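**Q** Sharing a structure with you now.
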Amino acid sequence: MLFREIIGQEATKQLLRQSVREGRIPHAQLFAGIAGIGKLQLALAYAQYLNCPHRTEEDSCGVCPTCLQFEKLQHPDLHFVFPIVGSDEVCDSFLEPWREIILDKHYFDLEDWHQALGVETKQSMIYEKESGEILRKLSLKAYGDGYKVMIIWQPEKMNTTTANKLLKLLEEPPAQTVFVLVSEHPESLLATILSRVQTIRIPRLETETIARALQQKGINATQATDIARIANGSFLAALKKADTSEENQQELRDFIALFRDAYTVGVLRDPVKKYESLKRLRQWSLDMADSKVGREKQKHFLQYAQQQVRENYIRNIGQPDLNYQMENERDFSVKFAPFIHDGNVEAIMNQLDLAERQIEQNGNAKMIFFDLCLQMIVLIKKPKI
């Protein structure tokens, strides 16, 4: 990948290019930041730039045999580690779908990767067996005169044993070897690993940068600006927001169903309507907890719900310039926003955040989502302060 193909991130590109030109190449770096801002793309462009024999001050040449191999993600000195499912497997068994998702989607997250593997409902990890593969690959002689580059995507998914073995490699790295860890949650890494890597914080993309990229994909300027504002610096979030597929619209319907029925049970007096709404909430919690949904989608919905609660609160306090929603979301918020106020917004956000953390920790999804329903029944009827 070429630096010029990456959306935005000019300051980081310049930092990486300069370090190569000046021969200041850390043996281990951590690219940290939210999903969808180009961390993996920067790692790939950096690896290619390191090894291109004809690089310029600004980029790899893009046409030499080395660059062509890197463009296809098939250079012998380019190695990958990423979360997989199955402790008896190693990452090399999944190289074909891994290359496909990078070359096809460019920007993707763990949920997309699980879908590519066909394991949406399972948790993935970087298993202990992979540490042996890392050691084996890096002990081999480099194919060219450049660097062996080991890109570890989502290193926070390593189990403790694997992390400790990686630590030993970082302490005594093989010659002409560069590790690039690409992480969304660096706080989950061992402190000893963090102390042995040079951390580069990759910033969120600017709204204007995302909007221009969306327009290049054929989205009109007004809609591109709306989506870019909502994306909060993530091009991946913008792409998903621009997707109007049935699956993408489901989160709004789930959000509406939760709060409409919570309002009916908590506020209205009609016992029949209360009973019917309570039954629907129970079924809603079971549907959300279904194993076919998978934990990544469950977490994504809870993040979406938090974002919508924030937007409705902002709308309610009369700050339209700070309100980032799509048209269908705004339509629902016209009537819903008055129920999100100083008296309950913090508690609602805390409950949604708690549910997200419990799902992340492999809690019982049925209990988590039904408890969330009960909490919303209580909180939606709380009076304003």
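As shown in the structure tokens, the chain order sets the letters A, B, ...; within each chain, residues go from 1, and ligands are also counted from 1 in the order they appear.
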Please list as a PyMOL selection string every residue within 10 Å of segment 328-339 of chain A, counting only C-alpha atoms and excluding residues in the same chain fewer than 5 positions away.

**A** chain A and resi 249+252-253+256+259-260+263+308-317+323+344-345+379-384

**Q** Do you know which residues are at most 8 Å from Lys157 of chain A counting only C-alpha atoms, after dropping those on the same chain fewer than 6 positions away, and could you put them as JSON, numbers by chain?

**A** {"A": [83, 124, 125, 126]}

**Q** Using only C-alpha atoms, find the one residue out of A:Asn232, A:Asn364, A:Gln306, A:Gln41 that sits nearest to Leu322 of chain A.

**A**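 Closest candidate: A:Asn232.
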
**Q** Among segment 243-334 of chain A, which residues does DSSP mark as helix (DSSP H, G or I) when it is run on the backbone? Keep the chain and numbering as in the structure and answer as number ranges by chain.

**A** A: 246-266, 271-289, 295-316, 320-322, 327-334

**Q** Restricting the output to C-alpha atoms, write the selected residues as an mmCIF file, in the first residue's frame.

**A**
```cif
data_model
loop_
_atom_site.group_PDB
_atom_site.id
_atom_site.type_symbol
_atom_site.label_atom_id
_atom_site.label_comp_id
_atom_site.auth_asym_id
_atom_site.auth_seq_id
_atom_site.Cartn_x
_atom_site.Cartn_y
_atom_site.Cartn_z
ATOM 1 C CA GLU A 246 -31.655 -3.797 5.994
ATOM 2 C CA GLU A 247 -29.082 -5.002 8.499
ATOM 3 C CA ASN A 248 -27.742 -1.500 9.067
ATOM 4 C CA GLN A 249 -31.226 -0.073 9.699
ATOM 5 C CA GLN A 250 -32.002 -2.758 12.277
ATOM 6 C CA GLU A 251 -30.121 -0.984 15.075
ATOM 7 C CA LEU A 252 -32.451 2.012 14.919
ATOM 8 C CA ARG A 253 -35.494 -0.281 15.002
ATOM 9 C CA ASP A 254 -34.065 -2.124 18.012
ATOM 10 C CA PHE A 255 -33.394 1.180 19.773
ATOM 11 C CA ILE A 256 -36.928 2.421 19.099
ATOM 12 C CA ALA A 257 -38.480 -0.872 20.267
ATOM 13 C CA LEU A 258 -36.546 -0.815 23.552
ATOM 14 C CA PHE A 259 -37.501 2.702 24.542
ATOM 15 C CA ARG A 260 -41.092 2.694 23.240
ATOM 16 C CA ASP A 261 -41.986 -0.384 25.252
ATOM 17 C CA ALA A 262 -39.994 0.797 28.272
ATOM 18 C CA TYR A 263 -42.012 4.026 28.158
ATOM 19 C CA THR A 264 -45.312 2.152 27.908
ATOM 20 C CA VAL A 265 -44.519 -0.064 30.899
ATOM 21 C CA GLY A 266 -42.998 2.720 32.981
ATOM 22 C CA PRO A 271 -52.602 -2.411 32.346
ATOM 23 C CA VAL A 272 -53.250 -4.207 29.051
ATOM 24 C CA LYS A 273 -50.741 -2.071 27.169
ATOM 25 C CA LYS A 274 -48.266 -2.462 30.031
ATOM 26 C CA TYR A 275 -48.560 -6.230 29.923
ATOM 27 C CA GLU A 276 -48.196 -6.430 26.137
ATOM 28 C CA SER A 277 -45.201 -4.101 26.181
ATOM 29 C CA LEU A 278 -43.536 -6.072 28.964
ATOM 30 C CA LYS A 279 -43.949 -9.244 26.909
ATOM 31 C CA ARG A 280 -42.393 -7.487 23.918
ATOM 32 C CA LEU A 281 -39.478 -6.302 26.045
ATOM 33 C CA ARG A 282 -38.903 -9.824 27.247
ATOM 34 C CA GLN A 283 -38.890 -11.080 23.672
ATOM 35 C CA TRP A 284 -36.656 -8.167 22.640
ATOM 36 C CA SER A 285 -34.095 -9.173 25.255
ATOM 37 C CA LEU A 286 -34.196 -12.789 24.073
ATOM 38 C CA ASP A 287 -33.779 -11.751 20.444
ATOM 39 C CA MET A 288 -30.831 -9.509 21.319
ATOM 40 C CA ALA A 289 -29.257 -12.308 23.366
ATOM 41 C CA ARG A 295 -21.233 -10.521 20.861
ATOM 42 C CA GLU A 296 -19.666 -8.099 18.409
ATOM 43 C CA LYS A 297 -23.092 -7.084 17.067
ATOM 44 C CA GLN A 298 -24.472 -6.908 20.602
ATOM 45 C CA LYS A 299 -21.671 -4.565 21.632
ATOM 46 C CA HIS A 300 -22.136 -2.521 18.471
ATOM 47 C CA PHE A 301 -25.839 -2.031 19.235
ATOM 48 C CA LEU A 302 -25.075 -0.878 22.787
ATOM 49 C CA GLN A 303 -22.540 1.613 21.433
ATOM 50 C CA TYR A 304 -25.129 2.824 18.925
ATOM 51 C CA ALA A 305 -27.717 3.192 21.688
ATOM 52 C CA GLN A 306 -25.308 5.316 23.730
ATOM 53 C CA GLN A 307 -24.702 7.537 20.740
ATOM 54 C CA GLN A 308 -28.434 7.979 20.151
ATOM 55 C CA VAL A 309 -29.092 8.811 23.824
ATOM 56 C CA ARG A 310 -26.393 11.491 23.640
ATOM 57 C CA GLU A 311 -27.887 12.955 20.474
ATOM 58 C CA ASN A 312 -31.388 13.040 21.938
ATOM 59 C CA TYR A 313 -30.131 14.777 25.060
ATOM 60 C CA ILE A 314 -28.339 17.393 22.952
ATOM 61 C CA ARG A 315 -31.505 17.904 20.908
ATOM 62 C CA ASN A 316 -33.547 18.251 24.091
ATOM 63 C CA PRO A 320 -29.065 21.674 17.020
ATOM 64 C CA ASP A 321 -25.618 22.644 15.717
ATOM 65 C CA LEU A 322 -24.133 19.905 17.911
ATOM 66 C CA GLU A 327 -32.851 11.875 8.804
ATOM 67 C CA ASN A 328 -34.619 8.719 10.038
ATOM 68 C CA GLU A 329 -33.005 9.116 13.456
ATOM 69 C CA ARG A 330 -34.053 12.760 13.628
ATOM 70 C CA ASP A 331 -37.634 11.794 12.790
ATOM 71 C CA PHE A 332 -37.833 9.538 15.857
ATOM 72 C CA SER A 333 -36.062 12.063 18.079
ATOM 73 C CA VAL A 334 -38.698 14.750 17.523
#
```

**Q** With only C-alpha atoms as the basis for distance, which of A:Val90, A:Leu95, A:Ile6, A:Leu268 is at the shortest distance from Ile134 of chain A?

**A** A:Val90

**Q** Rounded to one decimal in Å, what is the spacing between atom CA of Ile377 of chain A and atom CA of Ser291 of chain A?

**A**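 Between atom CA of Ile377 of chain A and atom CA of Ser291 of chain A the gap works out to 24.9 Å.
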
**Q** Quick one: distance from atom CA of Ser19 of chain A to atom CA of Glu58 of chain A in Å, one decimal?

**A**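 We find that atom CA of Ser19 of chain A and atom CA of Glu58 of chain A lie 12.1 Å from each other.
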
**Q** Within 7 Å of Gly233 of chain A, counting only C-alpha atoms, which residues show up once you throw out same-chain ones fewer than 5 positions away? Write them as a ChimeraX atom specification, please.

**A** /A:204-207

**Q** Would you please extract all strand (DSSP E or B) residues from segment 175-261 of chain A, as assigned by DSSP on the backbone, and give them as an MDAnalysis selection string?

**A** chainID A and resid 177:183 198:201
